[in-house]
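What's in start_29.pdb: PDB, C-alpha atoms
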MODEL        1
ATOM      1  CA  MET A   1       0.000   0.000   0.000
ATOM      2  CA  ASP A   2       1.170   3.514  -0.785
ATOM      3  CA  LEU A   3       1.296   5.376   2.538
ATOM      4  CA  ALA A   4       1.811   8.799   0.949
ATOM      5  CA  ARG A   5      -1.440   8.378  -0.982
ATOM      6  CA  PHE A   6      -3.171   7.008   2.085
ATOM      7  CA  ALA A   7      -2.160  10.198   3.957
ATOM      8  CA  VAL A   8      -3.639  12.328   1.154
ATOM      9  CA  TRP A   9      -6.857  10.289   1.191
ATOM     10  CA  LEU A  10      -7.049  10.572   5.001
ATOM     11  CA  GLY A  11      -6.523  14.334   4.885
ATOM     12  CA  ASP A  12      -9.438  14.689   2.457
ATOM     13  CA  THR A  13     -11.922  12.922   4.715
ATOM     14  CA  GLN A  14     -14.568  15.082   6.381
ATOM     15  CA  GLY A  15     -13.464  14.232   9.910
ATOM     16  CA  SER A  16      -9.870  15.207   9.220
ATOM     17  CA  ILE A  17     -10.877  18.533   7.679
ATOM     18  CA  ALA A  18     -13.304  19.254  10.534
ATOM     19  CA  LEU A  19     -10.627  18.526  13.145
ATOM     20  CA  HIS A  20      -8.003  20.549  11.303
ATOM     21  CA  GLU A  21     -10.276  23.561  10.992
ATOM     22  CA  SER A  22     -11.878  23.331  14.428
ATOM     23  CA  LEU A  23     -11.362  26.226  16.780
ATOM     24  CA  TYR A  24     -11.019  24.321  20.051
ATOM     25  CA  MET A  25     -11.038  20.581  19.334
ATOM     26  CA  TYR A  26      -7.487  20.410  18.010
ATOM     27  CA  THR A  27      -6.154  22.503  20.910
ATOM     28  CA  LEU A  28      -8.077  20.404  23.407
ATOM     29  CA  ILE A  29      -6.674  17.144  21.997
ATOM     30  CA  GLU A  30      -3.191  18.670  21.988
ATOM     31  CA  SER A  31      -3.602  19.660  25.664
ATOM     32  CA  ILE A  32      -4.691  16.154  26.621
ATOM     33  CA  HIS A  33      -1.705  14.810  24.668
ATOM     34  CA  VAL A  34       0.619  17.053  26.712
ATOM     35  CA  ILE A  35      -1.010  16.133  30.027
ATOM     36  CA  GLY A  36      -0.670  12.504  28.954
ATOM     37  CA  ILE A  37       3.112  13.060  28.843
ATOM     38  CA  ALA A  38       3.075  13.848  32.561
ATOM     39  CA  LEU A  39       1.221  10.611  33.308
ATOM     40  CA  PHE A  40       3.009   8.386  30.801
ATOM     41  CA  VAL A  41       6.613   9.637  30.767
ATOM     42  CA  GLY A  42       6.344  10.847  34.378
ATOM     43  CA  THR A  43       5.466   7.422  35.785
ATOM     44  CA  ILE A  44       7.979   5.643  33.524
ATOM     45  CA  ALA A  45      10.650   8.050  34.765
ATOM     46  CA  MET A  46       9.818   7.187  38.393
ATOM     47  CA  VAL A  47      10.144   3.435  37.697
ATOM     48  CA  ASP A  48      13.395   4.069  35.793
ATOM     49  CA  LEU A  49      14.780   6.158  38.675
ATOM     50  CA  ARG A  50      14.016   3.229  40.987
ATOM     51  CA  LEU A  51      15.845   0.870  38.629
ATOM     52  CA  LEU A  52      18.800   3.260  38.662
ATOM     53  CA  GLY A  53      18.772   3.351  42.472
ATOM     54  CA  ARG A  54      18.054   7.101  42.446
ATOM     55  CA  ALA A  55      14.585   7.131  44.069
ATOM     56  CA  PHE A  56      12.230   4.888  46.084
ATOM     57  CA  THR A  57      15.146   2.673  47.103
ATOM     58  CA  SER A  58      13.192   1.346  50.100
ATOM     59  CA  THR A  59      10.455   0.094  47.731
ATOM     60  CA  SER A  60      11.007  -3.243  45.968
ATOM     61  CA  VAL A  61      11.336  -3.136  42.191
ATOM     62  CA  SER A  62       8.434  -5.566  41.758
ATOM     63  CA  GLU A  63       6.130  -3.385  43.889
ATOM     64  CA  MET A  64       7.148  -0.366  41.839
ATOM     65  CA  THR A  65       6.377  -2.091  38.517
ATOM     66  CA  ARG A  66       3.188  -3.750  39.795
ATOM     67  CA  ARG A  67       1.698  -0.605  41.363
ATOM     68  CA  ILE A  68       2.952   2.085  38.982
ATOM     69  CA  LEU A  69       3.177   0.557  35.493
ATOM     70  CA  PRO A  70      -0.646   0.208  35.164
ATOM     71  CA  TRP A  71      -0.736   4.045  35.325
ATOM     72  CA  THR A  72       1.950   4.149  32.660
ATOM     73  CA  VAL A  73      -0.194   1.895  30.467
ATOM     74  CA  ALA A  74      -3.204   4.194  31.042
ATOM     75  CA  GLY A  75      -1.006   7.135  30.061
ATOM     76  CA  PHE A  76       0.126   5.246  26.952
ATOM     77  CA  VAL A  77      -3.477   4.639  25.882
ATOM     78  CA  ILE A  78      -4.201   8.375  26.244
ATOM     79  CA  MET A  79      -1.058   9.259  24.268
ATOM     80  CA  VAL A  80      -1.852   6.865  21.411
ATOM     81  CA  ALA A  81      -5.546   7.852  21.210
ATOM     82  CA  THR A  82      -4.827  11.600  21.164
ATOM     83  CA  GLY A  83      -1.709  11.124  19.016
ATOM     84  CA  LEU A  84      -3.680   9.266  16.332
ATOM     85  CA  LEU A  85      -6.261  12.075  16.316
ATOM     86  CA  LEU A  86      -3.510  14.689  15.933
ATOM     87  CA  PHE A  87      -2.103  12.698  12.999
ATOM     88  CA  TYR A  88      -5.603  12.343  11.549
ATOM     89  CA  ALA A  89      -6.043  16.137  11.659
ATOM     90  CA  ILE A  90      -2.817  16.825   9.683
ATOM     91  CA  PRO A  91      -1.864  13.562   7.944
ATOM     92  CA  VAL A  92       0.092  14.620   4.828
ATOM     93  CA  ARG A  93       2.427  17.087   6.524
ATOM     94  CA  THR A  94       2.957  14.775   9.516
ATOM     95  CA  TYR A  95       3.633  11.696   7.385
ATOM     96  CA  HIS A  96       6.388  13.602   5.564
ATOM     97  CA  SER A  97       7.802  15.166   8.742
ATOM     98  CA  VAL A  98      11.406  14.197   9.491
ATOM     99  CA  TRP A  99      10.652  14.610  13.199
ATOM    100  CA  PHE A 100       7.636  12.334  13.031
ATOM    101  CA  ARG A 101       9.645   9.676  11.213
ATOM    102  CA  LEU A 102      12.409   9.907  13.803
ATOM    103  CA  LYS A 103       9.757   9.584  16.518
ATOM    104  CA  VAL A 104       8.443   6.361  14.948
ATOM    105  CA  VAL A 105      11.979   4.906  14.881
ATOM    106  CA  LEU A 106      12.363   5.839  18.566
ATOM    107  CA  PHE A 107       9.112   3.985  19.336
ATOM    108  CA  LEU A 108      10.629   0.860  17.790
ATOM    109  CA  ILE A 109      13.753   1.237  19.936
ATOM    110  CA  ALA A 110      11.560   1.746  23.024
ATOM    111  CA  ALA A 111       9.568  -1.385  22.163
ATOM    112  CA  ILE A 112      12.760  -3.464  21.814
ATOM    113  CA  ASN A 113      13.971  -2.099  25.152
ATOM    114  CA  ILE A 114      10.677  -2.991  26.857
ATOM    115  CA  TRP A 115      10.945  -6.502  25.416
ATOM    116  CA  PHE A 116      14.559  -6.732  26.630
ATOM    117  CA  PHE A 117      13.528  -5.557  30.114
ATOM    118  CA  HIS A 118      10.588  -7.941  30.519
ATOM    119  CA  ARG A 119      12.212 -10.985  28.911
ATOM    120  CA  ARG A 120      15.789 -10.695  30.042
ATOM    121  CA  VAL A 121      16.105  -8.281  32.946
ATOM    122  CA  GLN A 122      12.902  -8.812  34.931
ATOM    123  CA  ARG A 123      13.039 -12.616  34.647
ATOM    124  CA  ASN A 124      15.247 -13.017  37.723
ATOM    125  CA  VAL A 125      13.954  -9.959  39.581
ATOM    126  CA  GLU A 126      13.455 -11.972  42.793
ATOM    127  CA  HIS A 127      17.247 -12.103  43.209
ATOM    128  CA  TRP A 128      17.630  -8.307  43.263
ATOM    129  CA  ASP A 129      14.123  -7.069  44.018
ATOM    130  CA  ARG A 130      15.072  -5.243  47.218
ATOM    131  CA  GLN A 131      18.575  -4.143  46.191
ATOM    132  CA  GLN A 132      18.951  -0.395  46.511
ATOM    133  CA  VAL A 133      20.903  -0.313  43.265
ATOM    134  CA  PRO A 134      19.754  -3.036  40.833
ATOM    135  CA  PRO A 135      22.196  -4.886  38.540
ATOM    136  CA  ARG A 136      23.781  -3.366  35.466
ATOM    137  CA  ALA A 137      21.332  -4.818  32.925
ATOM    138  CA  ALA A 138      18.403  -3.221  34.794
ATOM    139  CA  ARG A 139      20.192   0.114  34.995
ATOM    140  CA  LEU A 140      21.014  -0.092  31.297
ATOM    141  CA  ALA A 141      17.356  -0.732  30.389
ATOM    142  CA  ALA A 142      16.300   2.192  32.635
ATOM    143  CA  THR A 143      18.843   4.540  31.043
ATOM    144  CA  ILE A 144      17.779   3.562  27.513
ATOM    145  CA  SER A 145      14.143   4.058  28.523
ATOM    146  CA  LEU A 146      14.783   7.565  29.933
ATOM    147  CA  VAL A 147      16.836   8.664  26.907
ATOM    148  CA  VAL A 148      14.435   7.214  24.324
ATOM    149  CA  TRP A 149      11.239   8.573  25.887
ATOM    150  CA  ALA A 150      12.836  11.984  26.417
ATOM    151  CA  SER A 151      13.799  11.949  22.731
ATOM    152  CA  VAL A 152      10.233  10.994  21.813
ATOM    153  CA  VAL A 153       8.964  14.060  23.716
ATOM    154  CA  VAL A 154      11.504  16.342  22.005
ATOM    155  CA  THR A 155      10.903  15.025  18.469
ATOM    156  CA  GLY A 156       7.148  15.218  19.081
ATOM    157  CA  ARG A 157       7.417  18.867  20.082
ATOM    158  CA  MET A 158       9.522  19.588  16.972
ATOM    159  CA  ILE A 159       6.847  18.245  14.580
ATOM    160  CA  ALA A 160       5.021  21.543  15.173
ATOM    161  CA  TYR A 161       7.885  23.547  13.584
ATOM    162  CA  ASN A 162       8.146  23.780   9.826
ATOM    163  CA  TRP A 163      11.905  24.208   9.218
ATOM    164  CA  ALA A 164      12.213  20.715   7.765
ATOM    165  CA  ASP A 165       8.927  20.620   5.844
ATOM    166  CA  CYS A 166       8.772  19.378   2.254
ATOM    167  CA  ASP A 167       7.076  22.563   1.002
ATOM    168  CA  ARG A 168      10.262  24.551   1.732
ATOM    169  CA  PRO A 169      13.647  24.120   0.021
ATOM    170  CA  GLN A 170      15.499  21.354   1.881
ATOM    171  CA  PRO A 171      18.906  19.680   1.608
ATOM    172  CA  ASP A 172      18.954  16.330  -0.242
ATOM    173  CA  TRP A 173      19.154  14.230   2.905
ATOM    174  CA  ILE A 174      15.969  15.742   4.339
ATOM    175  CA  ASN A 175      14.166  15.306   1.002
ATOM    176  CA  TRP A 176      15.309  11.700   1.065
ATOM    177  CA  ILE A 177      14.256  10.933   4.663
ATOM    178  CA  ALA A 178      10.923  12.743   4.300
ATOM    179  CA  GLN A 179      10.317  11.265   0.803
ATOM    180  CA  CYS A 180       9.429  14.732  -0.428
ATOM    181  CA  THR A 181       9.087  13.555  -4.037
ATOM    182  CA  SER A 182       5.850  11.793  -3.085
ATOM    183  CA  TYR A 183       4.591  14.740  -0.957
ATOM    184  CA  GLY A 184       0.897  15.260  -1.579
ATOM    185  CA  GLY A 185       0.611  11.877  -3.324
TER     186      GLY A 185
ATOM    187  CA  MET B 186       5.972  52.230  35.999
ATOM    188  CA  ASP B 187       2.893  50.527  34.657
ATOM    189  CA  LEU B 188       2.744  46.810  33.934
ATOM    190  CA  TYR B 189       2.699  47.132  30.166
ATOM    191  CA  ALA B 190       5.870  49.226  30.177
ATOM    192  CA  LEU B 191       7.460  46.665  32.461
ATOM    193  CA  PHE B 192       6.618  43.871  29.999
ATOM    194  CA  GLU B 193       7.993  46.030  27.214
ATOM    195  CA  SER B 194      11.327  46.229  29.010
ATOM    196  CA  PHE B 195      11.262  42.435  29.619
ATOM    197  CA  GLU B 196      10.857  41.936  25.900
ATOM    198  CA  GLN B 197      13.883  44.121  25.211
ATOM    199  CA  THR B 198      16.296  42.253  27.471
ATOM    200  CA  LEU B 199      19.368  40.654  25.911
ATOM    201  CA  ILE B 200      18.016  37.160  26.572
ATOM    202  CA  GLY B 201      14.627  37.881  25.047
ATOM    203  CA  ASP B 202      16.244  39.446  22.016
ATOM    204  CA  GLY B 203      18.769  36.637  21.617
ATOM    205  CA  ILE B 204      16.032  33.997  21.616
ATOM    206  CA  ARG B 205      14.059  35.917  18.992
ATOM    207  CA  GLN B 206      17.141  36.079  16.736
ATOM    208  CA  SER B 207      17.310  32.306  16.499
ATOM    209  CA  VAL B 208      14.844  29.894  14.925
ATOM    210  CA  TRP B 209      15.806  26.917  17.064
ATOM    211  CA  ILE B 210      16.585  28.267  20.573
ATOM    212  CA  PHE B 211      12.916  28.823  21.456
ATOM    213  CA  PRO B 212      11.862  25.274  20.454
ATOM    214  CA  ALA B 213      14.913  23.826  22.231
ATOM    215  CA  ILE B 214      14.053  25.606  25.498
ATOM    216  CA  GLU B 215      10.426  24.593  25.012
ATOM    217  CA  ALA B 216      11.476  20.933  24.680
ATOM    218  CA  VAL B 217      13.396  21.061  27.977
ATOM    219  CA  HIS B 218      10.378  22.784  29.570
ATOM    220  CA  LEU B 219       8.260  19.843  28.405
ATOM    221  CA  LEU B 220      10.716  17.224  29.719
ATOM    222  CA  ALA B 221      10.636  18.891  33.128
ATOM    223  CA  LEU B 222       6.833  18.768  32.938
ATOM    224  CA  ALA B 223       7.036  14.990  32.554
ATOM    225  CA  LEU B 224       9.289  14.691  35.594
ATOM    226  CA  LEU B 225       7.092  17.057  37.600
ATOM    227  CA  GLY B 226       4.011  15.041  36.649
ATOM    228  CA  GLY B 227       5.664  11.824  37.793
ATOM    229  CA  ALA B 228       6.781  13.270  41.126
ATOM    230  CA  VAL B 229       3.381  14.844  41.852
ATOM    231  CA  LEU B 230       1.437  11.730  40.860
ATOM    232  CA  MET B 231       3.489   9.342  42.990
ATOM    233  CA  LEU B 232       2.497  11.213  46.128
ATOM    234  CA  ASP B 233      -1.054  12.099  45.088
ATOM    235  CA  LEU B 234      -1.846   8.520  44.031
ATOM    236  CA  ARG B 235      -0.681   7.364  47.445
ATOM    237  CA  LEU B 236      -2.873   9.967  49.179
ATOM    238  CA  LEU B 237      -5.788   8.664  47.087
ATOM    239  CA  GLY B 238      -5.059   5.136  48.333
ATOM    240  CA  MET B 239      -3.459   3.949  45.084
ATOM    241  CA  GLY B 240       0.076   3.593  43.746
ATOM    242  CA  LEU B 241       2.710   2.638  46.327
ATOM    243  CA  ALA B 242       0.161   1.790  49.028
ATOM    244  CA  THR B 243       2.617  -0.118  51.249
ATOM    245  CA  GLN B 244       4.791   2.982  51.729
ATOM    246  CA  PRO B 245       3.800   5.729  54.184
ATOM    247  CA  PRO B 246       3.001   9.083  52.479
ATOM    248  CA  SER B 247       5.870  10.723  54.368
ATOM    249  CA  ALA B 248       8.365   8.327  52.752
ATOM    250  CA  ILE B 249       7.021   9.063  49.273
ATOM    251  CA  GLU B 250       7.023  12.780  49.994
ATOM    252  CA  ARG B 251      10.684  12.535  51.032
ATOM    253  CA  GLN B 252      11.604  10.431  47.985
ATOM    254  CA  THR B 253       9.863  12.663  45.454
ATOM    255  CA  ARG B 254      10.748  16.058  46.953
ATOM    256  CA  PRO B 255      14.182  16.446  45.271
ATOM    257  CA  TRP B 256      12.676  15.502  41.882
ATOM    258  CA  LEU B 257       9.729  17.825  42.434
ATOM    259  CA  ILE B 258      11.970  20.742  43.367
ATOM    260  CA  GLY B 259      14.366  19.889  40.524
ATOM    261  CA  ALA B 260      11.542  19.737  37.979
ATOM    262  CA  VAL B 261       9.959  23.002  39.186
ATOM    263  CA  SER B 262      13.376  24.701  39.063
ATOM    264  CA  VAL B 263      13.988  23.569  35.471
ATOM    265  CA  MET B 264      10.469  24.637  34.487
ATOM    266  CA  ILE B 265      11.052  28.125  35.914
ATOM    267  CA  ALA B 266      14.584  28.344  34.493
ATOM    268  CA  THR B 267      13.241  27.518  31.013
ATOM    269  CA  GLY B 268       9.930  29.329  31.426
ATOM    270  CA  VAL B 269      11.546  32.697  32.233
ATOM    271  CA  PRO B 270      13.561  32.936  28.976
ATOM    272  CA  LEU B 271      10.512  31.783  26.993
ATOM    273  CA  PHE B 272       8.580  34.577  28.677
ATOM    274  CA  LEU B 273      11.299  37.171  28.004
ATOM    275  CA  SER B 274      11.267  36.336  24.291
ATOM    276  CA  GLU B 275       7.578  37.182  23.888
ATOM    277  CA  ALA B 276       6.563  39.196  26.946
ATOM    278  CA  LEU B 277       4.318  41.627  25.050
ATOM    279  CA  LYS B 278       2.457  38.851  23.258
ATOM    280  CA  LEU B 279       1.859  37.165  26.613
ATOM    281  CA  TYR B 280       0.636  40.370  28.231
ATOM    282  CA  ASP B 281      -2.519  40.155  26.105
ATOM    283  CA  LYS B 282      -3.118  36.445  26.576
ATOM    284  CA  GLU B 283      -5.644  35.384  29.171
ATOM    285  CA  ALA B 284      -4.154  31.864  29.257
ATOM    286  CA  PHE B 285      -0.823  33.309  30.395
ATOM    287  CA  TRP B 286      -2.355  35.116  33.374
ATOM    288  CA  VAL B 287      -4.451  32.068  34.302
ATOM    289  CA  LYS B 288      -1.300  29.956  34.205
ATOM    290  CA  MET B 289       0.796  32.333  36.335
ATOM    291  CA  GLY B 290      -1.954  32.896  38.876
ATOM    292  CA  THR B 291      -2.602  29.178  39.246
ATOM    293  CA  LEU B 292       1.124  28.447  39.346
ATOM    294  CA  ILE B 293       1.624  30.734  42.347
ATOM    295  CA  VAL B 294      -1.379  29.161  44.079
ATOM    296  CA  VAL B 295      -0.217  25.596  43.434
ATOM    297  CA  LEU B 296       3.367  26.279  44.543
ATOM    298  CA  VAL B 297       2.245  27.849  47.829
ATOM    299  CA  TYR B 298      -0.331  25.100  48.284
ATOM    300  CA  THR B 299       2.165  22.303  47.568
ATOM    301  CA  PHE B 300       4.939  23.484  49.868
ATOM    302  CA  ALA B 301       2.849  25.095  52.632
ATOM    303  CA  VAL B 302      -0.185  22.807  52.827
ATOM    304  CA  HIS B 303      -0.115  19.649  50.707
ATOM    305  CA  ASN B 304       3.360  18.263  51.419
ATOM    306  CA  PRO B 305       3.387  19.220  55.139
ATOM    307  CA  ILE B 306       0.112  17.301  55.593
ATOM    308  CA  ALA B 307       1.529  14.345  53.642
ATOM    309  CA  ARG B 308       4.570  14.320  55.932
ATOM    310  CA  ARG B 309       2.237  13.658  58.889
ATOM    311  CA  ASP B 310       1.147  10.378  57.301
ATOM    312  CA  PRO B 311      -2.612  10.903  57.064
ATOM    313  CA  THR B 312      -4.626   7.703  56.701
ATOM    314  CA  VAL B 313      -6.417   7.407  53.371
ATOM    315  CA  GLY B 314      -9.666   9.305  53.847
ATOM    316  CA  ALA B 315     -11.520  12.501  53.108
ATOM    317  CA  LEU B 316      -8.598  14.763  54.094
ATOM    318  CA  SER B 317      -5.873  12.931  52.178
ATOM    319  CA  LYS B 318      -8.077  12.518  49.115
ATOM    320  CA  THR B 319      -9.109  16.168  49.141
ATOM    321  CA  ILE B 320      -5.560  17.506  49.330
ATOM    322  CA  ALA B 321      -4.502  15.117  46.531
ATOM    323  CA  ALA B 322      -7.445  16.083  44.322
ATOM    324  CA  ILE B 323      -6.752  19.815  44.796
ATOM    325  CA  SER B 324      -3.107  19.256  43.858
ATOM    326  CA  ILE B 325      -3.965  17.285  40.695
ATOM    327  CA  VAL B 326      -6.608  19.787  39.555
ATOM    328  CA  LEU B 327      -4.351  22.812  40.117
ATOM    329  CA  TRP B 328      -1.426  21.240  38.216
ATOM    330  CA  LEU B 329      -3.789  20.258  35.392
ATOM    331  CA  VAL B 330      -4.961  23.866  35.120
ATOM    332  CA  VAL B 331      -1.339  25.074  34.963
ATOM    333  CA  ALA B 332      -0.447  22.530  32.257
ATOM    334  CA  THR B 333      -3.572  23.135  30.168
ATOM    335  CA  ALA B 334      -3.324  26.923  30.384
ATOM    336  CA  GLY B 335       0.354  26.582  29.442
ATOM    337  CA  ARG B 336      -0.473  24.584  26.347
ATOM    338  CA  TRP B 337      -3.260  27.057  25.536
ATOM    339  CA  ILE B 338      -0.777  29.967  25.461
ATOM    340  CA  GLY B 339       0.637  28.520  22.257
ATOM    341  CA  PHE B 340      -2.716  28.488  20.496
ATOM    342  CA  SER B 341      -4.757  31.419  21.753
TER     343      SER B 341
ENDMDL
END
Entire entry expressed as structure tokens:
Amino acid sequence: MDLARFAVWLGDTQGSIALHESLYMYTLIESIHVIGIALFVGTIAMVDLRLLGRAFTSTSVSEMTRRILPWTVAGFVIMVATGLLLFYAIPVRTYHSVWFRLKVVLFLIAAINIWFFHRRVQRNVEHWDRQQVPPRAARLAATISLVVWASVVVTGRMIAYNWADCDRPQPDWINWIAQCTSYGG
Amino acid sequence: MDLYALFESFEQTLIGDGIRQSVWIFPAIEAVHLLALALLGGAVLMLDLRLLGMGLATQPPSAIERQTRPWLIGAVSVMIATGVPLFLSEALKLYDKEAFWVKMGTLIVVLVYTFAVHNPIARRDPTVGALSKTIAAISIVLWLVVATAGRWIGFS
């Protein structure tokens, strides 16, 4: 399937146009998306700080993940739901945004890291559950998580700026990453 | 000196002018502002969830308050340190924005509330009940107003 054409088709749907031209809806969704960051990234950061031995060291790692990660998941649902709506409102420009594309790659890295943490690191958590400073693999996963999610926030914020947009003159490498030749289908 | 003239002089500071000269400094500061928001949200929620009877329920509120305080203060400091230059770069535009005044007013209220009322009560380990839930709910609502009004500044 041709994603560039799909983006054009999506942008021509009534709902997308209505959302894009709405006075308050877009802003409201954007605000919920930002508040979602506080819930999603904020709670992840607290779990990561525990894994790094920088906070909540008197709480076991398993209690931290069991009691806090459900809130992270709730935050993630809010982020995805509002994020999809924001994409739906401005599909063509967003699909060809270098920042958006970088953000998608970061999601993949985050997903691999989550898999690594649950499959490899957390498997023997009972051996180090109450350690103030967990083993190196756990600290590595926590560091990757903090860096990747922070980068997701930054790249997400940058999507709003148009320096790297296809409708302006861009260096070859940006045209290549953003696939500007297929901009607008 | 009237307020408008004061804002005019804020706008003309070296920092405000420097930020306006660059296309990427404002977004970069904004990004750090947003990262501190995430950290602030995490620190606030850890304690407020506990006061609501959720989250780390096996820990006393005072322990969570002690554990989150450095991150809370750190996050607030970064938010102010990044918020001030953002303000200086567009002080006159902000002067006319209702969202800006709502945000600043609520920010002052929530900071006083957090450090003079909310956290001191949490340090006394209240059992989960009407008092603890009320102080947590007030904290969450006030911070939500600050965040939403902040986001609204960019659109209004």
Determine, using all atoms listed in the file, which residues of chain A have any atom at most 9 Å from an atom of chain B, and tabulate each with its shortest atom pair and distance in Å to one decimal place, rows ordered by chain and then rising number, as a Markdown table.
| residue | atom | partner | partner_atom | distance |
| --- | --- | --- | --- | --- |
| A:Thr27 | CA | B:Phe340 | CA | 6.9 |
| A:Leu28 | CA | B:Trp337 | CA | 8.5 |
| A:Glu30 | CA | B:Arg336 | CA | 7.8 |
| A:Ser31 | CA | B:Thr333 | CA | 5.7 |
| A:Ile32 | CA | B:Thr333 | CA | 7.9 |
| A:Val34 | CA | B:Arg336 | CA | 7.6 |
| A:Ile35 | CA | B:Ala332 | CA | 6.8 |
| A:Gly36 | CA | B:Ala223 | CA | 8.9 |
| A:Ile37 | CA | B:Ala223 | CA | 5.7 |
| A:Ala38 | CA | B:Ala223 | CA | 4.1 |
| A:Leu39 | CA | B:Gly226 | CA | 6.2 |
| A:Phe40 | CA | B:Ala223 | CA | 7.9 |
| A:Val41 | CA | B:Ala223 | CA | 5.7 |
| A:Gly42 | CA | B:Gly227 | CA | 3.6 |
| A:Thr43 | CA | B:Gly227 | CA | 4.8 |
| A:Ile44 | CA | B:Gly227 | CA | 7.9 |
| A:Ala45 | CA | B:Leu224 | CA | 6.8 |
| A:Met46 | CA | B:Gly227 | CA | 6.3 |
| A:Ala55 | CA | B:Gln252 | CA | 5.9 |
| A:Phe56 | CA | B:Gln252 | CA | 5.9 |
| A:Thr57 | CA | B:Gln252 | CA | 8.6 |
| A:Ser58 | CA | B:Gln244 | CA | 8.7 |
| A:Thr59 | CA | B:Gln244 | CA | 7.5 |
| A:Glu63 | CA | B:Leu241 | CA | 7.3 |
| A:Met64 | CA | B:Leu241 | CA | 7.0 |
| A:Arg66 | CA | B:Gly240 | CA | 8.9 |
| A:Arg67 | CA | B:Gly240 | CA | 5.1 |
| A:Ile68 | CA | B:Gly240 | CA | 5.8 |
| A:Trp71 | CA | B:Gly240 | CA | 8.5 |
| A:Ala150 | CA | B:Leu220 | CA | 6.5 |
| A:Val153 | CA | B:Leu220 | CA | 7.0 |
| A:Val154 | CA | B:Ala216 | CA | 5.3 |
| A:Thr155 | CA | B:Ala216 | CA | 8.6 |
| A:Arg157 | CA | B:Ala216 | CA | 6.5 |
| A:Met158 | CA | B:Pro212 | CA | 7.1 |
| A:Tyr161 | CA | B:Pro212 | CA | 8.1 |
| A:Trp163 | CA | B:Val208 | CA | 8.6 |
Going by the chain IDs and residue numbers used in this file, which residues fall under the PyMOL selection byres ((chain A and resi 95) around 10)? Write them as a short mmCIF file (atom, residue, chain, number, x, y, z; two decimals) with C-alpha atoms, in the coordinates of the input.
data_model
loop_
_atom_site.label_atom_id
_atom_site.label_comp_id
_atom_site.auth_asym_id
_atom_site.auth_seq_id
_atom_site.Cartn_x
_atom_site.Cartn_y
_atom_site.Cartn_z
CA LEU A 3 1.30 5.38 2.54
CA ALA A 4 1.81 8.80 0.95
CA PHE A 6 -3.17 7.01 2.08
CA ALA A 7 -2.16 10.20 3.96
CA VAL A 8 -3.64 12.33 1.15
CA PHE A 87 -2.10 12.70 13.00
CA ILE A 90 -2.82 16.82 9.68
CA PRO A 91 -1.86 13.56 7.94
CA VAL A 92 0.09 14.62 4.83
CA ARG A 93 2.43 17.09 6.52
CA THR A 94 2.96 14.78 9.52
CA HIS A 96 6.39 13.60 5.56
CA SER A 97 7.80 15.17 8.74
CA VAL A 98 11.41 14.20 9.49
CA TRP A 99 10.65 14.61 13.20
CA PHE A 100 7.64 12.33 13.03
CA ARG A 101 9.64 9.68 11.21
CA ALA A 178 10.92 12.74 4.30
CA GLN A 179 10.32 11.26 0.80
CA TYR A 183 4.59 14.74 -0.96
#
Item to complete: Run the PyMOL selection byres ((chain B and resi 321) around 8) on the file and write out the hits as a list in words.
Response: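 Matching residues under the PyMOL selection byres ((chain B and resi 321) around 8) are Asp233, Leu234, Leu236, Leu237, His303, Ser317, Lys318, Thr319, Ile320, Ala322, Ile323, Ser324 and Ile325 of chain B.
Put simply, the PyMOL selection byres ((chain A and resi 137) around 12) in this file takes in Leu51, Leu52, Asn113, Phe116, Phe117, His118, Arg119, Arg120, Val121, Gln122, Arg123, Asn124, Val125, Trp128, Val133, Pro134, Pro135, Arg136, Ala138, Arg139, Leu140, Ala141, Ala142, Thr143 and Ile144 of chain A.
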Dump C-alpha atoms for the selected residues as a PDB file, in the frame of the given file?
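Final output, saved to result.pdb:
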ATOM      1  CA  LEU A  51      15.845   0.870  38.629  1.00  0.00           C
ATOM      2  CA  LEU A  52      18.800   3.260  38.662  1.00  0.00           C
ATOM      3  CA  ASN A 113      13.971  -2.099  25.152  1.00  0.00           C
ATOM      4  CA  PHE A 116      14.559  -6.732  26.630  1.00  0.00           C
ATOM      5  CA  PHE A 117      13.528  -5.557  30.114  1.00  0.00           C
ATOM      6  CA  HIS A 118      10.588  -7.941  30.519  1.00  0.00           C
ATOM      7  CA  ARG A 119      12.212 -10.985  28.911  1.00  0.00           C
ATOM      8  CA  ARG A 120      15.789 -10.695  30.042  1.00  0.00           C
ATOM      9  CA  VAL A 121      16.105  -8.281  32.946  1.00  0.00           C
ATOM     10  CA  GLN A 122      12.902  -8.812  34.931  1.00  0.00           C
ATOM     11  CA  ARG A 123      13.039 -12.616  34.647  1.00  0.00           C
ATOM     12  CA  ASN A 124      15.247 -13.017  37.723  1.00  0.00           C
ATOM     13  CA  VAL A 125      13.954  -9.959  39.581  1.00  0.00           C
ATOM     14  CA  TRP A 128      17.630  -8.307  43.263  1.00  0.00           C
ATOM     15  CA  VAL A 133      20.903  -0.313  43.265  1.00  0.00           C
ATOM     16  CA  PRO A 134      19.754  -3.036  40.833  1.00  0.00           C
ATOM     17  CA  PRO A 135      22.196  -4.886  38.540  1.00  0.00           C
ATOM     18  CA  ARG A 136      23.781  -3.366  35.466  1.00  0.00           C
ATOM     19  CA  ALA A 138      18.403  -3.221  34.794  1.00  0.00           C
ATOM     20  CA  ARG A 139      20.192   0.114  34.995  1.00  0.00           C
ATOM     21  CA  LEU A 140      21.014  -0.092  31.297  1.00  0.00           C
ATOM     22  CA  ALA A 141      17.356  -0.732  30.389  1.00  0.00           C
ATOM     23  CA  ALA A 142      16.300   2.192  32.635  1.00  0.00           C
ATOM     24  CA  THR A 143      18.843   4.540  31.043  1.00  0.00           C
ATOM     25  CA  ILE A 144      17.779   3.562  27.513  1.00  0.00           C
TER      26      ILE A 144
END
